[in-house]
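Asks: You'll find target.cif just under this line, and it carries mmCIF, C-alpha atoms.
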data_query
loop_
_atom_site.label_atom_id
_atom_site.label_comp_id
_atom_site.auth_asym_id
_atom_site.auth_seq_id
_atom_site.Cartn_x
_atom_site.Cartn_y
_atom_site.Cartn_z
CA MET A 1 52.91 -29.58 18.92
CA ALA A 2 56.15 -29.02 16.97
CA ASP A 3 58.37 -31.98 15.94
CA SER A 4 62.04 -32.44 17.00
CA ALA A 5 63.21 -30.05 14.26
CA GLY A 6 60.85 -27.34 15.57
CA LYS A 7 58.55 -27.61 12.60
CA ARG A 8 54.77 -27.91 12.85
CA PRO A 9 53.41 -31.23 11.54
CA PRO A 10 51.73 -30.99 8.13
CA THR A 11 47.93 -30.61 8.09
CA PRO A 12 46.32 -33.99 7.47
CA ALA A 13 44.72 -34.37 4.04
CA PRO A 14 41.00 -35.26 3.93
CA ALA A 15 40.53 -38.94 4.38
CA SER A 16 40.12 -40.89 1.21
CA GLY A 17 37.56 -43.57 0.67
CA GLY A 18 34.35 -43.48 2.73
CA GLY A 19 35.12 -40.23 4.60
CA GLY A 20 35.73 -38.28 1.40
CA MET A 21 32.56 -39.64 -0.17
CA ALA A 22 30.51 -38.62 2.88
CA TRP A 23 31.90 -35.07 2.67
CA LYS A 24 31.00 -34.83 -1.04
CA LEU A 25 27.49 -36.13 -0.39
CA SER A 26 26.99 -33.60 2.41
CA LEU A 27 28.11 -30.78 0.14
CA ALA A 28 25.82 -31.96 -2.66
CA LEU A 29 22.88 -32.17 -0.24
CA PHE A 30 23.59 -28.66 1.04
CA VAL A 31 23.70 -27.26 -2.51
CA LEU A 32 20.46 -29.06 -3.38
CA LEU A 33 18.66 -27.75 -0.29
CA ALA A 34 19.95 -24.22 -0.94
CA ALA A 35 18.70 -24.40 -4.52
CA LEU A 36 15.29 -25.63 -3.36
CA LEU A 37 15.08 -22.88 -0.75
CA TYR A 38 16.05 -20.25 -3.31
CA LYS A 39 13.33 -21.51 -5.64
CA GLN A 40 10.77 -21.39 -2.82
CA ILE A 41 11.46 -17.76 -1.96
CA GLN A 42 11.52 -16.50 -5.56
CA PRO A 43 8.17 -15.25 -6.87
CA PRO A 44 7.04 -16.46 -10.30
CA ALA A 45 7.30 -14.08 -13.22
CA PRO A 46 4.34 -11.69 -13.54
CA GLU A 47 1.49 -12.39 -15.94
CA ILE A 48 1.83 -9.08 -17.77
CA VAL A 49 -1.42 -7.74 -19.17
CA GLY A 50 -1.42 -7.72 -22.95
CA SER A 51 1.64 -9.99 -23.26
CA PRO A 52 1.48 -13.37 -25.05
CA GLY A 53 -0.40 -15.72 -22.75
CA GLY A 54 -1.15 -12.91 -20.30
CA PRO A 55 -4.51 -11.38 -19.36
CA PRO A 56 -6.15 -9.23 -22.03
CA VAL A 57 -6.23 -5.45 -21.99
CA THR A 58 -9.80 -4.25 -21.33
CA ALA A 59 -9.18 -0.89 -19.65
CA SER A 60 -8.23 2.52 -20.89
CA ARG A 61 -4.47 2.81 -20.32
CA THR A 62 -1.82 5.49 -20.59
CA LYS A 63 1.88 4.94 -21.22
CA LEU A 64 4.45 6.38 -18.84
CA LYS A 65 7.90 7.64 -19.82
CA ASP A 66 9.57 4.42 -18.70
CA GLY A 67 7.29 2.32 -20.94
CA ARG A 68 4.94 1.05 -18.23
CA HIS A 69 1.17 1.37 -18.61
CA LEU A 70 -1.35 2.55 -16.02
CA ALA A 71 -4.98 1.50 -16.39
CA TYR A 72 -7.53 4.14 -15.40
CA LEU A 73 -11.24 4.86 -15.03
CA GLU A 74 -12.97 8.22 -15.42
CA SER A 75 -16.27 9.19 -13.81
CA GLY A 76 -18.25 12.28 -12.87
CA VAL A 77 -18.55 15.18 -15.30
CA PRO A 78 -16.27 15.49 -18.35
CA LYS A 79 -12.91 16.93 -17.31
CA GLU A 80 -13.29 19.75 -19.85
CA LYS A 81 -16.33 20.98 -17.91
CA ALA A 82 -15.12 20.13 -14.41
CA LYS A 83 -14.57 22.69 -11.68
CA TYR A 84 -12.83 20.12 -9.50
CA LYS A 85 -10.54 17.30 -10.65
CA ILE A 86 -9.90 14.52 -8.16
CA ILE A 87 -7.55 11.54 -8.43
CA PHE A 88 -8.49 8.63 -6.19
CA VAL A 89 -5.79 6.19 -5.02
CA HIS A 90 -7.12 2.76 -4.03
CA GLY A 91 -6.04 0.61 -1.12
CA PHE A 92 -4.61 -2.86 -0.56
CA ASP A 93 -6.04 -5.67 -2.70
CA SER A 94 -8.17 -3.24 -4.69
CA CYS A 95 -8.26 -1.56 -8.09
CA ARG A 96 -9.63 1.32 -10.16
CA TYR A 97 -13.21 0.09 -9.71
CA ASP A 98 -12.96 0.68 -5.95
CA VAL A 99 -13.11 4.42 -6.48
CA LEU A 100 -14.96 6.50 -3.89
CA GLN A 101 -18.66 6.31 -4.79
CA VAL A 102 -19.51 9.99 -5.06
CA SER A 103 -23.17 10.43 -5.89
CA PRO A 104 -23.96 11.51 -9.48
CA GLU A 105 -26.04 14.35 -8.04
CA LEU A 106 -23.11 15.80 -6.10
CA ALA A 107 -20.74 15.33 -9.02
CA GLN A 108 -23.10 17.29 -11.25
CA GLU A 109 -23.83 19.95 -8.64
CA LEU A 110 -20.19 20.73 -7.89
CA GLY A 111 -18.71 19.83 -11.28
CA ILE A 112 -16.52 16.94 -10.14
CA TYR A 113 -14.33 14.88 -12.46
CA LEU A 114 -13.04 11.74 -10.75
CA LEU A 115 -10.07 9.70 -11.97
CA SER A 116 -9.09 6.35 -10.46
CA PHE A 117 -6.36 4.00 -11.62
CA ASP A 118 -4.85 0.60 -10.96
CA ARG A 119 -1.69 1.09 -8.96
CA PRO A 120 1.38 -0.66 -10.45
CA GLY A 121 1.01 -4.45 -10.41
CA TYR A 122 -2.72 -4.32 -9.69
CA GLY A 123 -5.45 -5.02 -12.23
CA GLU A 124 -4.26 -3.95 -15.66
CA SER A 125 -1.36 -1.66 -14.70
CA ASP A 126 2.15 -2.94 -15.36
CA PRO A 127 4.27 -3.77 -12.31
CA ASP A 128 6.97 -1.29 -11.33
CA PRO A 129 10.34 -3.09 -11.36
CA ALA A 130 11.62 -0.87 -8.55
CA PRO A 131 8.65 0.46 -6.56
CA SER A 132 9.19 2.92 -3.74
CA GLU A 133 7.25 5.43 -1.67
CA LYS A 134 8.54 8.10 -4.09
CA SER A 135 7.91 6.34 -7.40
CA ILE A 136 4.14 6.08 -6.87
CA ALA A 137 3.88 9.84 -6.26
CA LEU A 138 5.74 10.52 -9.50
CA ASP A 139 3.47 8.02 -11.31
CA ILE A 140 0.44 9.98 -10.10
CA GLU A 141 1.93 13.24 -11.34
CA GLU A 142 2.68 11.72 -14.74
CA LEU A 143 -0.81 10.22 -14.95
CA ALA A 144 -2.29 13.67 -14.33
CA ASP A 145 -0.10 15.16 -17.04
CA ASN A 146 -0.90 12.43 -19.57
CA LEU A 147 -4.62 13.00 -19.04
CA GLN A 148 -4.18 16.78 -19.13
CA LEU A 149 -5.70 17.54 -15.75
CA GLY A 150 -3.94 20.86 -15.53
CA PRO A 151 -1.37 22.26 -13.10
CA LYS A 152 -3.24 21.25 -9.93
CA PHE A 153 -5.70 18.61 -8.76
CA HIS A 154 -7.17 17.13 -5.58
CA LEU A 155 -6.19 13.74 -4.16
CA ILE A 156 -8.08 11.18 -2.10
CA GLY A 157 -6.39 8.00 -0.91
CA PHE A 158 -7.77 5.11 1.13
CA SER A 159 -5.91 2.60 3.35
CA MET A 160 -2.60 1.79 1.61
CA GLY A 161 -3.57 4.53 -0.83
CA GLY A 162 -3.98 6.80 2.18
CA GLU A 163 -0.38 6.20 3.17
CA ILE A 164 0.61 7.22 -0.37
CA MET A 165 -0.94 10.65 0.29
CA TRP A 166 1.99 11.44 2.60
CA SER A 167 4.37 10.63 -0.27
CA CYS A 168 2.46 12.96 -2.59
CA LEU A 169 2.58 15.73 0.02
CA LYS A 170 6.35 15.32 0.14
CA TYR A 171 7.22 14.85 -3.54
CA ILE A 172 4.52 16.69 -5.52
CA PRO A 173 2.99 19.29 -3.14
CA HIS A 174 3.13 21.94 -5.89
CA ARG A 175 0.58 19.94 -7.91
CA LEU A 176 -2.02 19.61 -5.16
CA SER A 177 -5.15 21.66 -4.44
CA GLY A 178 -6.19 19.60 -1.42
CA VAL A 179 -5.83 16.08 -0.01
CA ALA A 180 -8.08 13.64 1.86
CA VAL A 181 -6.31 10.82 3.69
CA LEU A 182 -8.71 7.99 4.56
CA GLY A 183 -7.83 5.30 7.13
CA PRO A 184 -4.14 5.40 6.14
CA VAL A 185 -1.80 2.50 6.74
CA GLY A 186 1.06 3.57 9.00
CA ASN A 187 4.68 2.49 9.08
CA TYR A 188 5.66 1.53 12.63
CA TRP A 189 9.28 2.48 11.94
CA TRP A 190 8.70 6.08 10.85
CA SER A 191 11.19 8.39 12.53
CA GLY A 192 9.68 10.72 15.09
CA LEU A 193 7.13 8.24 16.40
CA PRO A 194 7.59 7.75 20.16
CA SER A 195 8.22 4.11 21.03
CA ASN A 196 5.12 3.92 23.22
CA VAL A 197 2.94 5.11 20.31
CA SER A 198 4.52 2.64 17.86
CA TRP A 199 4.26 -0.27 20.30
CA ASP A 200 0.66 0.55 21.24
CA ALA A 201 -0.28 0.51 17.57
CA TRP A 202 1.85 -2.60 16.92
CA TYR A 203 0.05 -4.67 19.53
CA GLN A 204 -3.33 -3.74 18.08
CA GLN A 205 -2.49 -6.16 15.25
CA LEU A 206 -3.07 -9.89 15.36
CA PRO A 207 0.18 -11.79 16.08
CA ARG A 208 0.23 -13.27 12.58
CA ASP A 209 0.05 -9.77 11.11
CA GLN A 210 2.82 -8.58 13.39
CA TRP A 211 5.02 -11.30 11.88
CA ALA A 212 3.96 -10.52 8.29
CA VAL A 213 4.69 -6.81 8.75
CA TRP A 214 7.99 -7.53 10.54
CA VAL A 215 9.16 -9.71 7.64
CA SER A 216 8.16 -7.03 5.11
CA HIS A 217 10.33 -4.51 6.93
CA HIS A 218 13.34 -6.53 8.04
CA LEU A 219 13.43 -9.37 5.49
CA PRO A 220 11.66 -8.04 2.38
CA TRP A 221 13.24 -10.71 0.18
CA LEU A 222 11.29 -13.28 2.21
CA THR A 223 7.90 -11.58 1.83
CA TYR A 224 6.67 -13.75 -1.03
CA TRP A 225 7.56 -17.01 0.71
CA TRP A 226 6.16 -15.88 4.05
CA ASN A 227 2.76 -15.11 2.59
CA THR A 228 2.49 -18.24 0.43
CA GLN A 229 3.92 -20.97 2.68
CA LYS A 230 1.56 -23.27 4.62
CA LEU A 231 3.67 -23.99 7.71
CA PHE A 232 2.11 -21.25 9.83
CA PRO A 233 -0.40 -18.41 9.44
CA ALA A 234 0.59 -15.51 7.18
CA SER A 235 -1.16 -12.15 6.69
CA SER A 236 -4.75 -12.22 7.91
CA VAL A 237 -5.47 -9.14 5.77
CA ILE A 238 -4.65 -11.09 2.61
CA ALA A 239 -6.74 -13.99 3.92
CA TYR A 240 -9.74 -11.73 4.70
CA ASN A 241 -9.85 -12.94 8.30
CA PRO A 242 -13.25 -11.91 9.77
CA ALA A 243 -11.54 -11.30 13.13
CA LEU A 244 -10.31 -8.02 11.62
CA LEU A 245 -13.80 -6.64 11.11
CA SER A 246 -15.41 -4.23 13.51
CA GLU A 247 -19.16 -4.42 14.00
CA GLU A 248 -19.73 -1.78 11.33
CA ASP A 249 -17.15 -3.32 8.99
CA ALA A 250 -18.91 -6.68 9.20
CA LYS A 251 -22.06 -5.02 7.87
CA LEU A 252 -20.18 -3.21 5.11
CA MET A 253 -18.14 -6.27 4.10
CA GLU A 254 -21.10 -7.73 2.22
CA LYS A 255 -20.95 -4.69 -0.04
CA PHE A 256 -17.14 -4.54 -0.25
CA GLY A 257 -16.44 -8.26 -0.36
CA MET A 258 -18.85 -9.20 -3.14
CA ARG A 259 -16.91 -7.50 -5.92
CA THR A 260 -17.34 -9.40 -9.17
CA TYR A 261 -14.00 -8.09 -10.46
CA MET A 262 -11.92 -9.44 -7.55
CA PRO A 263 -10.03 -12.07 -9.64
CA MET A 264 -8.81 -9.29 -11.92
CA ILE A 265 -7.16 -7.44 -9.02
CA ARG A 266 -4.43 -10.07 -8.45
CA GLN A 267 -4.29 -11.46 -11.99
CA GLN A 268 -0.65 -10.50 -12.59
CA GLY A 269 0.52 -12.28 -9.45
CA GLU A 270 0.13 -11.59 -5.75
CA TYR A 271 3.78 -10.69 -5.35
CA TYR A 272 3.56 -7.79 -7.80
CA CYS A 273 0.60 -6.18 -6.06
CA LEU A 274 0.01 -7.36 -2.47
CA HIS A 275 3.51 -8.33 -1.39
CA ARG A 276 5.22 -5.35 -2.96
CA ASP A 277 2.63 -3.11 -1.34
CA MET A 278 3.70 -4.49 2.02
CA MET A 279 7.40 -4.20 1.22
CA VAL A 280 7.05 -0.52 0.31
CA GLY A 281 4.41 0.47 2.85
CA PHE A 282 6.24 -1.11 5.78
CA GLY A 283 9.71 -0.71 4.31
CA LYS A 284 12.60 1.51 5.31
CA TRP A 285 11.69 5.08 4.45
CA GLY A 286 14.29 7.81 4.60
CA TRP A 287 11.75 10.29 5.97
CA SER A 288 8.54 10.48 7.98
CA PRO A 289 5.17 12.23 7.56
CA LEU A 290 6.06 13.97 10.81
CA ASP A 291 8.77 15.85 8.87
CA LEU A 292 6.26 17.43 6.47
CA LYS A 293 5.51 21.13 6.38
CA ASP A 294 2.10 22.60 5.59
CA PRO A 295 1.85 22.57 1.78
CA PHE A 296 -1.09 24.98 1.94
CA ALA A 297 0.33 27.57 4.31
CA GLY A 298 -1.17 30.25 2.08
CA GLY A 299 -4.68 28.91 2.73
CA GLU A 300 -5.31 27.65 -0.80
CA GLY A 301 -6.09 24.08 0.30
CA LYS A 302 -6.35 21.67 3.22
CA VAL A 303 -5.24 18.20 4.24
CA HIS A 304 -8.06 16.18 5.80
CA LEU A 305 -7.28 12.99 7.74
CA TRP A 306 -10.12 10.56 8.43
CA HIS A 307 -9.98 7.43 10.59
CA GLY A 308 -12.45 5.08 12.24
CA ALA A 309 -11.93 4.67 15.99
CA GLU A 310 -12.94 0.99 15.77
CA ASP A 311 -10.53 0.16 12.94
CA ARG A 312 -9.04 -3.31 13.57
CA ILE A 313 -7.15 -3.47 10.27
CA VAL A 314 -5.21 -0.21 10.56
CA PRO A 315 -4.88 0.96 14.17
CA VAL A 316 -6.11 4.52 14.68
CA ILE A 317 -3.29 5.32 17.12
CA LEU A 318 -0.80 6.48 14.49
CA SER A 319 -3.32 8.78 12.79
CA ARG A 320 -4.19 10.35 16.14
CA TYR A 321 -0.56 11.05 16.87
CA ILE A 322 0.19 12.46 13.42
CA SER A 323 -2.82 14.80 13.66
CA GLU A 324 -1.56 16.04 17.04
CA ARG A 325 1.93 16.69 15.70
CA LEU A 326 0.77 18.32 12.45
CA PRO A 327 -1.68 21.08 13.46
CA TRP A 328 -2.38 21.96 9.83
CA VAL A 329 -4.06 18.57 9.31
CA VAL A 330 -7.84 18.66 9.77
CA TYR A 331 -8.61 15.47 11.71
CA HIS A 332 -11.91 13.59 11.55
CA GLU A 333 -12.22 10.60 13.87
CA LEU A 334 -15.39 8.55 13.46
CA PRO A 335 -16.21 7.04 16.87
CA LYS A 336 -18.27 4.04 15.73
CA SER A 337 -16.59 3.34 12.40
CA GLY A 338 -14.06 0.70 11.39
CA HIS A 339 -11.76 0.54 8.38
CA LEU A 340 -14.39 0.42 5.65
CA PHE A 341 -16.12 3.69 6.53
CA PRO A 342 -15.64 5.20 3.02
CA VAL A 343 -17.98 2.49 1.72
CA ALA A 344 -20.78 3.49 4.11
CA GLN A 345 -23.79 5.22 2.64
CA GLU A 346 -23.35 8.98 2.17
CA MET A 347 -19.77 8.94 3.53
CA ALA A 348 -18.26 9.50 0.10
CA ASP A 349 -20.25 12.70 -0.37
CA ALA A 350 -19.37 13.89 3.15
CA ILE A 351 -15.65 13.32 2.49
CA VAL A 352 -15.76 15.17 -0.83
CA LYS A 353 -17.74 18.10 0.57
CA SER A 354 -15.24 18.42 3.38
CA LEU A 355 -12.35 18.42 0.92
CA LEU A 356 -13.80 20.79 -1.65
CA LEU A 357 -16.07 23.05 0.41
CA GLY A 358 -14.55 22.84 3.88
CA GLU A 359 -17.73 21.35 5.38
CA GLN A 360 -17.23 19.44 8.63
#
Show this structure as structure tokens.
Replies:
Amino acid sequence: MADSAGKRPPTPAPASGGGGMAWKLSLALFVLLAALLYKQIQPPAPEIVGSPGGPPVTASRTKLKDGRHLAYLESGVPKEKAKYKIIFVHGFDSCRYDVLQVSPELAQELGIYLLSFDRPGYGESDPDPAPSEKSIALDIEELADNLQLGPKFHLIGFSMGGEIMWSCLKYIPHRLSGVAVLGPVGNYWWSGLPSNVSWDAWYQQLPRDQWAVWVSHHLPWLTYWWNTQKLFPASSVIAYNPALLSEEDAKLMEKFGMRTYMPMIRQQGEYYCLHRDMMVGFGKWGWSPLDLKDPFAGGEGKVHLWHGAEDRIVPVILSRYISERLPWVVYHELPKSGHLFPVAQEMADAIVKSLLLGEQ
């Protein structure tokens, strides 16, 4: 209300004394809580391999152009004598030692050189300060060049490493002789996926995993806190929840789960391997595998997609749809298998024969 002179009354000043003190205390409490929250959601610094106080370097490593190191493991026949050179890309919570176990007999018979490596942040490979679905493909290309694999090579990727195969088909198709995509993780937000397909796959996950994946996509800055807090269940994949295992996976888990090198996998910090994997894998891509064109239209190679029908970790639904939309993908669905089918006896040789020789 205006006064008799038509002027608005002056705004009252904050009360002095007790009221002012209460306001200052409230502000201080807010700042303190904000600082505590910020500290909670910030991951600790990585324990860089080879740095003072960090884990020791025990692996063979190669230096990339940006100064980072990738640790690697070679197996099979010497690359100088190899007819086929294959790079294997490991999955979530894994490392270079989880390479596909191709039999020595087949490696010798076909002349196979096999290269596996710790993806950035895993094992003894330095974390990537700005990882993306593109950067890992370029890392693989540079790794191949550093180790002098020649102009072309084959790729095999499993689980989260399987998803990376789509990135390699987009960014380095000119370097590839053939690709095997094994039980690939799918991004529920890829463009071109019908909503019914995405939702069907989404609800195949446990509710706690739906939340963990949702946070990774929509609130990536909260991923570390979400998967380390104790207020409610976080990712069941990180926790190795047995509810995720199919009947066949439960049998194979004894072989896969009893890895003596498991502590080494996360030694640089879970955020720099597991959480960043989730942030990239389920993040906001600017493209979709459904946009890809056949990189081997001339018939010089093939893309093979394998998935277990009983997979409870990575729903098979997305792989089925992608194989229907991309007719140049050779699809292998294993009716009784779960997620860990590459670990099953003789599966590694079957996968490699299919990739290199076209055997079904």
Asks: Write out as a Markdown table the residues of region 319-356 of chain A that have any atom within 10 Å of an atom of region 271-290 of chain A, one row each with the nearest atom pair and its distance in Å to one decimal, counting all atoms listed in the file, sorted by chain and then rising number.
Replies:
| residue | atom | partner | partner_atom | distance |
| --- | --- | --- | --- | --- |
| A:Tyr321 | CA | A:Leu290 | CA | 9.4 |
| A:Ile322 | CA | A:Leu290 | CA | 6.6 |
| A:Ser323 | CA | A:Leu290 | CA | 9.4 |
| A:Arg325 | CA | A:Leu290 | CA | 7.0 |
| A:Leu326 | CA | A:Leu290 | CA | 7.0 |
Asks: Quick one: residues within 12 Å of Pro242 (chain A), all atoms listed in the file counted, chain neighbours fewer than 5 positions away excluded, as a PyMOL selection string?
Replies: chain A and resi 206+236-237+247+249-251+253-254+257+312-313
Asks: Just the number, please: distance in Å from CA of Gln268 (chain A) to CA of Gly54 (chain A), one decimal.
Replies: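 Interatomic distance here is 8.1 Å.
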Asks: So, counting all atoms listed in the file, which residue among A:Ile140, A:Ile164, A:Leu73, A:Leu169 is closest to Cys95 (chain A)?
Replies: A:Leu73
Asks: List the neighbours of Ala180 (chain A) out to 6 Å using all atoms listed in the file; skip same-chain residues closer than 5 positions along the sequence, and give me the result as a PyMOL selection string.
Replies: chain A and resi 156+303-305
Asks: Write out as a list in words which residues come within 12 Å of Gln205 (chain A) when counting only C-alpha atoms, dropping same-chain ones fewer than 4 positions away.
Replies: Tyr188, Ser198, Trp199, Asp200, Ala201, Asp209, Gln210, Trp211, Ala212, Val213, Trp214, Ser235, Ser236, Val237, Ala243, Leu244, Asp311, Arg312, Ile313, Val314, Pro315, Val316 and Ile317 of chain A
Asks: To one decimal place, how far is CA of Gln108 (chain A) from CA of Lys83 (chain A) in Å?
Replies: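 Pair CA of Gln108 (chain A) / CA of Lys83 (chain A) returns 10.1 Å.
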Asks: Dig up all the protein and nucleic acid residues within 10 Å of (-2.8, -5.6, -21.4) in the file frame, using all atoms listed in the file, and format them as a ChimeraX atom specification.
Replies: /A:47-52,54-61,69-71,123-126
Asks: Have a look at CA of Leu106 (chain A) and CA of Val352 (chain A) and let me know their distance in Å, one decimal.
Replies: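 Value for the CA of Leu106 (chain A)-CA of Val352 (chain A) distance: 9.1 Å.
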Asks: Residues within 9 Å of Asp128 (chain A), please, as number ranges by chain. Count only C-alpha atoms; anything in the same chain fewer than 5 positions from it doesn't count.
Replies: A: 68, 120-121, 135, 272
Asks: Could you list, as a list of chain:residue names, every residue matched by the PyMOL selection byres ((chain A and resi 178) around 6) in this structure?
Replies: A:His154, A:Leu176, A:Ser177, A:Val179, A:Gly301, A:Lys302, A:Val303
Asks: What do you get, as a PyMOL selection string, if you spell out every residue that the PyMOL selection byres ((chain A and resi 146) around 12) selects here?
Replies: chain A and resi 61-65+69-70+72+139-145+147-151
Asks: With distances taken over only C-alpha atoms, which residue among A:Leu193, A:Val185, A:Ala107, A:Leu100 lies nearest Val77 (chain A)?
Replies: A:Ala107
Asks: May I have the residues at most 12 Å from (-12.3, 9.5, 7.2) in the file's coordinates, counting only C-alpha atoms, as a ChimeraX atom specification?
Replies: /A:100,156-159,162,179-184,303-309,311,316,319,330-344,347-352,354-355,360
